[in-house]
>>> print(open('coords-v9.cif').read())   # mmCIF, N, CA and C atoms
data_work
loop_
_atom_site.label_atom_id
_atom_site.label_comp_id
_atom_site.auth_asym_id
_atom_site.auth_seq_id
_atom_site.Cartn_x
_atom_site.Cartn_y
_atom_site.Cartn_z
N MET A 1 -35.59 -58.61 15.96
CA MET A 1 -35.18 -57.86 17.13
C MET A 1 -35.72 -56.43 17.05
N LYS A 2 -35.53 -55.78 15.87
CA LYS A 2 -36.02 -54.42 15.70
C LYS A 2 -37.53 -54.37 15.83
N THR A 3 -38.21 -55.38 15.32
CA THR A 3 -39.66 -55.44 15.37
C THR A 3 -40.14 -55.57 16.81
N SER A 4 -39.47 -56.40 17.62
CA SER A 4 -39.91 -56.57 19.00
C SER A 4 -39.65 -55.31 19.83
N ILE A 5 -38.57 -54.60 19.56
CA ILE A 5 -38.31 -53.34 20.26
C ILE A 5 -39.35 -52.31 19.87
N LEU A 6 -39.66 -52.23 18.58
CA LEU A 6 -40.66 -51.28 18.10
C LEU A 6 -42.03 -51.62 18.68
N THR A 7 -42.38 -52.90 18.72
CA THR A 7 -43.66 -53.33 19.29
C THR A 7 -43.73 -52.97 20.77
N ALA A 8 -42.65 -53.20 21.49
CA ALA A 8 -42.61 -52.87 22.92
C ALA A 8 -42.75 -51.36 23.13
N LEU A 9 -42.10 -50.60 22.28
CA LEU A 9 -42.16 -49.15 22.39
C LEU A 9 -43.57 -48.64 22.11
N VAL A 10 -44.21 -49.16 21.08
CA VAL A 10 -45.58 -48.78 20.75
C VAL A 10 -46.52 -49.17 21.89
N ALA A 11 -46.35 -50.35 22.46
CA ALA A 11 -47.19 -50.80 23.57
C ALA A 11 -47.01 -49.88 24.78
N PHE A 12 -45.76 -49.52 25.07
CA PHE A 12 -45.47 -48.61 26.19
C PHE A 12 -46.15 -47.26 25.97
N MET A 13 -46.03 -46.72 24.78
CA MET A 13 -46.63 -45.42 24.46
C MET A 13 -48.15 -45.50 24.59
N LEU A 14 -48.74 -46.58 24.16
CA LEU A 14 -50.18 -46.76 24.24
C LEU A 14 -50.63 -46.81 25.70
N VAL A 15 -49.92 -47.57 26.53
CA VAL A 15 -50.25 -47.66 27.95
C VAL A 15 -50.10 -46.29 28.61
N MET A 16 -49.05 -45.57 28.30
CA MET A 16 -48.83 -44.24 28.88
C MET A 16 -49.93 -43.27 28.45
N THR A 17 -50.31 -43.33 27.19
CA THR A 17 -51.35 -42.44 26.69
C THR A 17 -52.68 -42.74 27.37
N ILE A 18 -53.04 -44.00 27.48
CA ILE A 18 -54.30 -44.37 28.12
C ILE A 18 -54.27 -43.98 29.59
N GLY A 19 -53.15 -44.25 30.26
CA GLY A 19 -53.03 -43.91 31.67
C GLY A 19 -53.14 -42.42 31.92
N CYS A 20 -52.55 -41.63 31.05
CA CYS A 20 -52.58 -40.18 31.22
C CYS A 20 -53.93 -39.58 30.85
N THR A 21 -54.59 -40.13 29.87
CA THR A 21 -55.87 -39.54 29.45
C THR A 21 -57.02 -39.96 30.35
N ASN A 22 -56.86 -41.02 31.13
CA ASN A 22 -57.93 -41.43 32.03
C ASN A 22 -58.04 -40.52 33.24
N LYS A 23 -56.97 -39.82 33.59
CA LYS A 23 -57.01 -38.88 34.71
C LYS A 23 -57.25 -37.49 34.14
N LYS A 24 -58.33 -36.89 34.55
CA LYS A 24 -58.59 -35.53 34.13
C LYS A 24 -57.71 -34.61 34.96
N ALA A 25 -57.18 -33.56 34.33
CA ALA A 25 -56.29 -32.64 35.03
C ALA A 25 -56.98 -32.05 36.24
N GLY A 26 -56.35 -32.18 37.40
CA GLY A 26 -56.86 -31.59 38.62
C GLY A 26 -57.98 -32.37 39.29
N VAL A 27 -58.45 -33.46 38.70
CA VAL A 27 -59.57 -34.19 39.27
C VAL A 27 -59.10 -35.45 39.99
N ALA A 28 -57.96 -36.00 39.60
CA ALA A 28 -57.46 -37.21 40.22
C ALA A 28 -57.24 -36.98 41.70
N ASP A 29 -57.38 -38.03 42.47
CA ASP A 29 -57.15 -37.99 43.91
C ASP A 29 -58.03 -36.95 44.61
N ASN A 30 -59.27 -36.81 44.16
CA ASN A 30 -60.24 -35.90 44.78
C ASN A 30 -59.82 -34.44 44.76
N GLN A 31 -59.02 -34.06 43.79
CA GLN A 31 -58.61 -32.66 43.66
C GLN A 31 -59.65 -31.91 42.86
N PRO A 32 -59.89 -30.63 43.19
CA PRO A 32 -60.82 -29.84 42.40
C PRO A 32 -60.25 -29.56 41.02
N PRO A 33 -61.10 -29.23 40.05
CA PRO A 33 -60.59 -28.89 38.72
C PRO A 33 -59.59 -27.74 38.79
N ALA A 34 -58.58 -27.81 37.96
CA ALA A 34 -57.49 -26.83 37.99
C ALA A 34 -57.98 -25.39 37.85
N ASP A 35 -59.05 -25.19 37.09
CA ASP A 35 -59.53 -23.82 36.87
C ASP A 35 -60.28 -23.26 38.07
N SER A 36 -60.46 -24.05 39.12
CA SER A 36 -61.16 -23.55 40.31
C SER A 36 -60.23 -23.41 41.50
N VAL A 37 -58.94 -23.69 41.32
CA VAL A 37 -57.99 -23.64 42.42
C VAL A 37 -57.36 -22.25 42.52
N LYS A 38 -57.49 -21.65 43.71
CA LYS A 38 -56.88 -20.34 43.95
C LYS A 38 -55.36 -20.46 43.85
N LYS A 39 -54.73 -19.37 43.46
CA LYS A 39 -53.28 -19.30 43.38
C LYS A 39 -52.79 -18.15 44.25
N MET A 40 -51.67 -18.38 44.92
CA MET A 40 -51.02 -17.32 45.67
C MET A 40 -49.64 -17.12 45.06
N ILE A 41 -49.29 -15.87 44.87
CA ILE A 41 -47.99 -15.52 44.32
C ILE A 41 -47.26 -14.68 45.35
N THR A 42 -45.99 -15.00 45.56
CA THR A 42 -45.12 -14.12 46.33
C THR A 42 -43.95 -13.74 45.43
N ALA A 43 -43.60 -12.47 45.47
CA ALA A 43 -42.47 -11.98 44.70
C ALA A 43 -41.60 -11.16 45.64
N LYS A 44 -40.46 -11.75 46.03
CA LYS A 44 -39.53 -11.06 46.93
C LYS A 44 -38.65 -10.12 46.11
N ILE A 45 -38.62 -8.87 46.56
CA ILE A 45 -37.90 -7.81 45.87
C ILE A 45 -36.73 -7.37 46.74
N TYR A 46 -35.55 -7.27 46.14
CA TYR A 46 -34.35 -6.79 46.83
C TYR A 46 -33.85 -5.56 46.08
N LEU A 47 -33.93 -4.40 46.73
CA LEU A 47 -33.59 -3.14 46.07
C LEU A 47 -32.20 -2.64 46.45
N LYS A 48 -31.62 -1.88 45.55
CA LYS A 48 -30.39 -1.16 45.87
C LYS A 48 -30.78 0.02 46.77
N PRO A 49 -29.93 0.35 47.73
CA PRO A 49 -30.23 1.52 48.57
C PRO A 49 -30.42 2.75 47.69
N GLY A 50 -31.34 3.60 48.08
CA GLY A 50 -31.60 4.82 47.32
C GLY A 50 -32.73 4.69 46.30
N PHE A 51 -33.25 3.49 46.08
CA PHE A 51 -34.31 3.28 45.10
C PHE A 51 -35.64 2.85 45.73
N VAL A 52 -35.69 2.79 47.04
CA VAL A 52 -36.86 2.28 47.73
C VAL A 52 -38.10 3.13 47.45
N ASN A 53 -38.01 4.43 47.68
CA ASN A 53 -39.18 5.31 47.48
C ASN A 53 -39.62 5.32 46.02
N GLN A 54 -38.66 5.34 45.12
CA GLN A 54 -38.97 5.33 43.69
C GLN A 54 -39.71 4.03 43.32
N PHE A 55 -39.24 2.90 43.84
CA PHE A 55 -39.87 1.62 43.56
C PHE A 55 -41.31 1.60 44.09
N ILE A 56 -41.48 2.02 45.33
CA ILE A 56 -42.81 2.01 45.95
C ILE A 56 -43.77 2.91 45.17
N ASN A 57 -43.30 4.07 44.75
CA ASN A 57 -44.15 4.96 43.95
C ASN A 57 -44.57 4.31 42.64
N GLU A 58 -43.67 3.63 41.98
CA GLU A 58 -44.00 2.93 40.73
C GLU A 58 -44.92 1.73 41.00
N ALA A 59 -44.71 1.07 42.14
CA ALA A 59 -45.49 -0.12 42.47
C ALA A 59 -46.96 0.22 42.74
N ARG A 60 -47.23 1.42 43.20
CA ARG A 60 -48.62 1.79 43.52
C ARG A 60 -49.54 1.62 42.31
N PHE A 61 -49.06 1.95 41.13
CA PHE A 61 -49.89 1.82 39.93
C PHE A 61 -50.20 0.35 39.64
N ILE A 62 -49.19 -0.50 39.72
CA ILE A 62 -49.42 -1.92 39.43
C ILE A 62 -50.30 -2.54 40.51
N ILE A 63 -50.16 -2.11 41.75
CA ILE A 63 -51.01 -2.63 42.83
C ILE A 63 -52.47 -2.23 42.60
N ASP A 64 -52.70 -0.96 42.35
CA ASP A 64 -54.07 -0.48 42.11
C ASP A 64 -54.69 -1.14 40.88
N SER A 65 -53.92 -1.22 39.80
CA SER A 65 -54.43 -1.82 38.57
C SER A 65 -54.72 -3.31 38.75
N SER A 66 -53.83 -4.01 39.41
CA SER A 66 -54.01 -5.44 39.63
C SER A 66 -55.23 -5.73 40.50
N ASN A 67 -55.42 -4.92 41.54
CA ASN A 67 -56.57 -5.11 42.42
C ASN A 67 -57.90 -4.89 41.71
N MET A 68 -57.89 -4.22 40.56
CA MET A 68 -59.13 -4.01 39.78
C MET A 68 -59.39 -5.14 38.79
N GLU A 69 -58.43 -6.03 38.60
CA GLU A 69 -58.63 -7.15 37.68
C GLU A 69 -59.69 -8.09 38.24
N PRO A 70 -60.55 -8.64 37.38
CA PRO A 70 -61.66 -9.49 37.84
C PRO A 70 -61.24 -10.69 38.69
N GLY A 71 -60.11 -11.32 38.40
CA GLY A 71 -59.71 -12.52 39.13
C GLY A 71 -58.83 -12.27 40.33
N CYS A 72 -58.55 -10.99 40.63
CA CYS A 72 -57.68 -10.66 41.76
C CYS A 72 -58.48 -10.61 43.05
N GLU A 73 -58.04 -11.37 44.05
CA GLU A 73 -58.67 -11.32 45.36
C GLU A 73 -57.89 -10.44 46.32
N SER A 74 -56.58 -10.32 46.10
CA SER A 74 -55.74 -9.46 46.93
C SER A 74 -54.39 -9.27 46.25
N TYR A 75 -53.88 -8.05 46.31
CA TYR A 75 -52.57 -7.74 45.72
C TYR A 75 -51.96 -6.65 46.58
N MET A 76 -50.97 -7.01 47.39
CA MET A 76 -50.40 -6.06 48.32
C MET A 76 -48.88 -6.13 48.30
N LEU A 77 -48.26 -5.02 48.70
CA LEU A 77 -46.81 -4.94 48.83
C LEU A 77 -46.47 -4.72 50.29
N TYR A 78 -45.56 -5.52 50.81
CA TYR A 78 -45.12 -5.41 52.20
C TYR A 78 -43.64 -5.06 52.22
N GLN A 79 -43.23 -4.33 53.25
CA GLN A 79 -41.84 -3.91 53.39
C GLN A 79 -41.28 -4.42 54.71
N ASN A 80 -40.07 -4.95 54.66
CA ASN A 80 -39.39 -5.43 55.85
C ASN A 80 -39.12 -4.23 56.77
N PRO A 81 -39.60 -4.26 58.02
CA PRO A 81 -39.41 -3.11 58.90
C PRO A 81 -37.96 -2.94 59.38
N TYR A 82 -37.13 -3.96 59.21
CA TYR A 82 -35.75 -3.90 59.66
C TYR A 82 -34.77 -3.64 58.52
N ASP A 83 -35.22 -3.82 57.29
CA ASP A 83 -34.40 -3.56 56.11
C ASP A 83 -35.33 -3.08 55.00
N SER A 84 -35.42 -1.78 54.84
CA SER A 84 -36.39 -1.20 53.91
C SER A 84 -36.14 -1.55 52.45
N THR A 85 -34.97 -2.13 52.13
CA THR A 85 -34.67 -2.51 50.76
C THR A 85 -35.26 -3.87 50.39
N LYS A 86 -35.88 -4.53 51.37
CA LYS A 86 -36.49 -5.85 51.12
C LYS A 86 -38.00 -5.72 51.18
N LEU A 87 -38.65 -6.05 50.07
CA LEU A 87 -40.10 -5.98 49.97
C LEU A 87 -40.63 -7.30 49.42
N ILE A 88 -41.94 -7.48 49.58
CA ILE A 88 -42.55 -8.69 49.02
C ILE A 88 -43.97 -8.36 48.56
N PHE A 89 -44.26 -8.72 47.33
CA PHE A 89 -45.63 -8.68 46.83
C PHE A 89 -46.28 -9.99 47.25
N VAL A 90 -47.51 -9.91 47.76
CA VAL A 90 -48.29 -11.10 48.07
C VAL A 90 -49.63 -10.95 47.35
N GLU A 91 -49.93 -11.90 46.51
CA GLU A 91 -51.11 -11.82 45.65
C GLU A 91 -51.94 -13.09 45.80
N VAL A 92 -53.25 -12.94 45.73
CA VAL A 92 -54.15 -14.10 45.71
C VAL A 92 -55.05 -13.93 44.50
N TRP A 93 -55.09 -14.99 43.68
CA TRP A 93 -55.86 -14.98 42.43
C TRP A 93 -56.91 -16.08 42.46
N LYS A 94 -58.02 -15.83 41.79
CA LYS A 94 -59.15 -16.76 41.75
C LYS A 94 -58.75 -18.13 41.19
N ASN A 95 -57.90 -18.13 40.15
CA ASN A 95 -57.48 -19.38 39.51
C ASN A 95 -56.31 -19.11 38.58
N GLN A 96 -55.82 -20.14 37.92
CA GLN A 96 -54.68 -19.99 37.02
C GLN A 96 -55.01 -19.08 35.83
N GLY A 97 -56.24 -19.11 35.37
CA GLY A 97 -56.64 -18.23 34.28
C GLY A 97 -56.48 -16.76 34.65
N ALA A 98 -56.80 -16.42 35.90
CA ALA A 98 -56.64 -15.04 36.36
C ALA A 98 -55.16 -14.66 36.43
N VAL A 99 -54.31 -15.61 36.84
CA VAL A 99 -52.87 -15.36 36.86
C VAL A 99 -52.36 -15.12 35.44
N ASP A 100 -52.77 -15.99 34.52
CA ASP A 100 -52.34 -15.85 33.12
C ASP A 100 -52.78 -14.51 32.56
N ASN A 101 -54.01 -14.11 32.86
CA ASN A 101 -54.51 -12.83 32.40
C ASN A 101 -53.67 -11.68 32.97
N HIS A 102 -53.36 -11.76 34.26
CA HIS A 102 -52.55 -10.73 34.91
C HIS A 102 -51.18 -10.61 34.24
N PHE A 103 -50.55 -11.76 33.98
CA PHE A 103 -49.23 -11.74 33.36
C PHE A 103 -49.27 -11.17 31.93
N SER A 104 -50.42 -11.12 31.31
CA SER A 104 -50.53 -10.58 29.96
C SER A 104 -50.80 -9.07 29.93
N MET A 105 -51.07 -8.48 31.09
CA MET A 105 -51.41 -7.06 31.15
C MET A 105 -50.20 -6.19 30.79
N SER A 106 -50.44 -5.13 30.03
CA SER A 106 -49.35 -4.26 29.59
C SER A 106 -48.64 -3.59 30.75
N TYR A 107 -49.37 -3.18 31.78
CA TYR A 107 -48.72 -2.53 32.92
C TYR A 107 -47.84 -3.51 33.70
N PHE A 108 -48.24 -4.78 33.74
CA PHE A 108 -47.42 -5.80 34.40
C PHE A 108 -46.14 -6.03 33.60
N LYS A 109 -46.27 -6.15 32.29
CA LYS A 109 -45.12 -6.38 31.43
C LYS A 109 -44.14 -5.21 31.48
N ALA A 110 -44.64 -4.00 31.64
CA ALA A 110 -43.79 -2.81 31.65
C ALA A 110 -43.07 -2.61 32.99
N PHE A 111 -43.63 -3.12 34.07
CA PHE A 111 -43.09 -2.87 35.40
C PHE A 111 -41.69 -3.45 35.60
N GLY A 112 -41.47 -4.68 35.19
CA GLY A 112 -40.17 -5.33 35.37
C GLY A 112 -39.02 -4.57 34.71
N PRO A 113 -39.12 -4.30 33.42
CA PRO A 113 -38.03 -3.56 32.77
C PRO A 113 -37.83 -2.15 33.35
N LYS A 114 -38.92 -1.52 33.78
CA LYS A 114 -38.83 -0.17 34.33
C LYS A 114 -38.05 -0.15 35.65
N THR A 115 -38.17 -1.20 36.44
CA THR A 115 -37.56 -1.23 37.77
C THR A 115 -36.32 -2.12 37.87
N LYS A 116 -35.96 -2.79 36.79
CA LYS A 116 -34.88 -3.78 36.82
C LYS A 116 -33.56 -3.21 37.35
N GLU A 117 -33.20 -2.02 36.95
CA GLU A 117 -31.93 -1.43 37.36
C GLU A 117 -31.90 -1.07 38.85
N TRP A 118 -33.04 -1.04 39.49
CA TRP A 118 -33.11 -0.70 40.91
C TRP A 118 -32.89 -1.90 41.81
N LEU A 119 -32.88 -3.10 41.23
CA LEU A 119 -32.77 -4.33 42.01
C LEU A 119 -31.32 -4.66 42.33
N SER A 120 -31.09 -5.14 43.55
CA SER A 120 -29.76 -5.59 43.94
C SER A 120 -29.55 -7.06 43.61
N GLN A 121 -30.65 -7.79 43.41
CA GLN A 121 -30.59 -9.19 42.97
C GLN A 121 -31.92 -9.54 42.31
N ASP A 122 -31.94 -10.68 41.66
CA ASP A 122 -33.15 -11.10 40.96
C ASP A 122 -34.32 -11.27 41.92
N THR A 123 -35.52 -11.00 41.41
CA THR A 123 -36.75 -11.21 42.17
C THR A 123 -36.98 -12.71 42.35
N GLU A 124 -37.41 -13.10 43.54
CA GLU A 124 -37.74 -14.50 43.82
C GLU A 124 -39.25 -14.65 43.69
N LEU A 125 -39.68 -15.30 42.63
CA LEU A 125 -41.11 -15.47 42.35
C LEU A 125 -41.54 -16.89 42.69
N ASN A 126 -42.62 -17.02 43.45
CA ASN A 126 -43.20 -18.32 43.79
C ASN A 126 -44.69 -18.28 43.54
N ILE A 127 -45.19 -19.32 42.87
CA ILE A 127 -46.63 -19.47 42.64
C ILE A 127 -47.03 -20.79 43.25
N VAL A 128 -48.02 -20.75 44.13
CA VAL A 128 -48.50 -21.97 44.77
C VAL A 128 -50.02 -22.04 44.66
N SER A 129 -50.53 -23.26 44.71
CA SER A 129 -51.97 -23.48 44.75
C SER A 129 -52.43 -23.43 46.20
N VAL A 130 -53.54 -22.78 46.42
CA VAL A 130 -54.12 -22.71 47.76
C VAL A 130 -54.88 -24.01 47.99
N VAL A 131 -54.57 -24.71 49.05
CA VAL A 131 -55.23 -25.97 49.37
C VAL A 131 -56.63 -25.64 49.86
N PRO A 132 -57.65 -26.16 49.18
CA PRO A 132 -59.03 -25.84 49.59
C PRO A 132 -59.38 -26.49 50.92
N SER A 133 -60.19 -25.80 51.69
CA SER A 133 -60.67 -26.40 52.93
C SER A 133 -61.82 -27.34 52.59
N LYS A 134 -62.10 -28.26 53.48
CA LYS A 134 -63.16 -29.24 53.21
C LYS A 134 -64.51 -28.66 53.46
#
>>> encode(input="coords-v9.cif", output="structure tokens")
Amino acid sequence: MKTSILTALVAFMLVMTIGCTNKKAGVADNQPPADSVKKMITAKIYLKPGFVNQFINEARFIIDSSNMEPGCESYMLYQNPYDSTKLIFVEVWKNQGAVDNHFSMSYFKAFGPKTKEWLSQDTELNIVSVVPSK
């Protein structure tokens, strides 16, 4: 009994391994390779009243620095015209490698802790792949 369970388990693992290794990441179903897919990031910011100008002034450095990164196609901050405490960063990156590089930058790592006390709630971060046109 133990032998047949072990044999079945080994067979299952072998089938799963073969099935997973036959599909190259990002190539299955006519998808482009993962390293060529653009990424868009949105980061919704909710500020406490009284910290808006301070946040925007600090954000200018990260915006300017990010826009100079090789894989950055666009990095902008938008403000809700009806509620100035609500902002959103919208970023477009060449690929996942560019996003990873951005996340490793010292100015990016320093920005969150520097502005954390100004937030009224956690930042809502979303990363999506841009669907390529045909």
>>> resolve_selection(input="coords-v9.cif", expression="the PyMOL selection byres ((chain A and resi 125) around 8)", output="PyMOL selection string")
chain A and resi 41-45+122-124+126-128
>>> atom_distance(input="coords-v9.cif", atom1="atom N of Asn101 in chain A", atom2="atom C of Ser66 in chain A")
11.4 Å
>>> closest_residue(input="coords-v9.cif", among="A:Glu58, A:Glu117, A:Glu91, A:Asp100", to="Ser74 in chain A", atoms="only N, CA and C atoms")
A:Glu91
>>> select_by_dssp(input="coords-v9.cif", residues="range 41-105 of chain A", states="strand (DSSP E or B)", output="ChimeraX atom specification")
/A:41-47,72-79,86-93
>>> atom_distance(input="coords-v9.cif", atom1="CA of Asn80 in chain A", atom2="CA of Leu47 in chain A")
11.6 Å
>>> select_by_dssp(input="coords-v9.cif", residues="range 64-119 of chain A", states="helix (DSSP H, G or I)", output="number ranges by chain")
A: 64-67, 96-104, 106-118
>>> closest_residue(input="coords-v9.cif", among="A:Ala110, A:Ala59, A:Val37, A:Val92", to="Gly71 in chain A", atoms="all atoms listed in the file")
A:Val92
>>> closest_residue(input="coords-v9.cif", among="A:Lys48, A:Thr85, A:Val90, A:Ala98", to="Ile63 in chain A", atoms="only C-alpha atoms")
A:Val90
>>> closest_residue(input="coords-v9.cif", among="A:Lys94, A:Lys86, A:Ser104, A:Tyr46", to="Pro70 in chain A", atoms="only N, CA and C atoms")
A:Lys94
>>> atom_distance(input="coords-v9.cif", atom1="CA of Met40 in chain A", atom2="CA of Ser129 in chain A")
6.3 Å
>>> axis_aligned_box(input="coords-v9.cif", around="range 100-113 of chain A", padding_each_side="6 Å", output="AutoDock Vina command-line options")
--center_x -46.2 --center_y -9.1 --center_z 32.6 --size_x 28.7 --size_y 25.8 --size_z 18.0
>>> closest_residue(input="coords-v9.cif", among="A:Leu119, A:Val52, A:Val130, A:Met105", to="Trp93 in chain A", atoms="only C-alpha atoms")
A:Val130
>>> closest_residue(input="coords-v9.cif", among="A:Gln79, A:Ser84, A:Gln96, A:Asn57", to="Ser36 in chain A", atoms="all atoms listed in the file")
A:Gln96
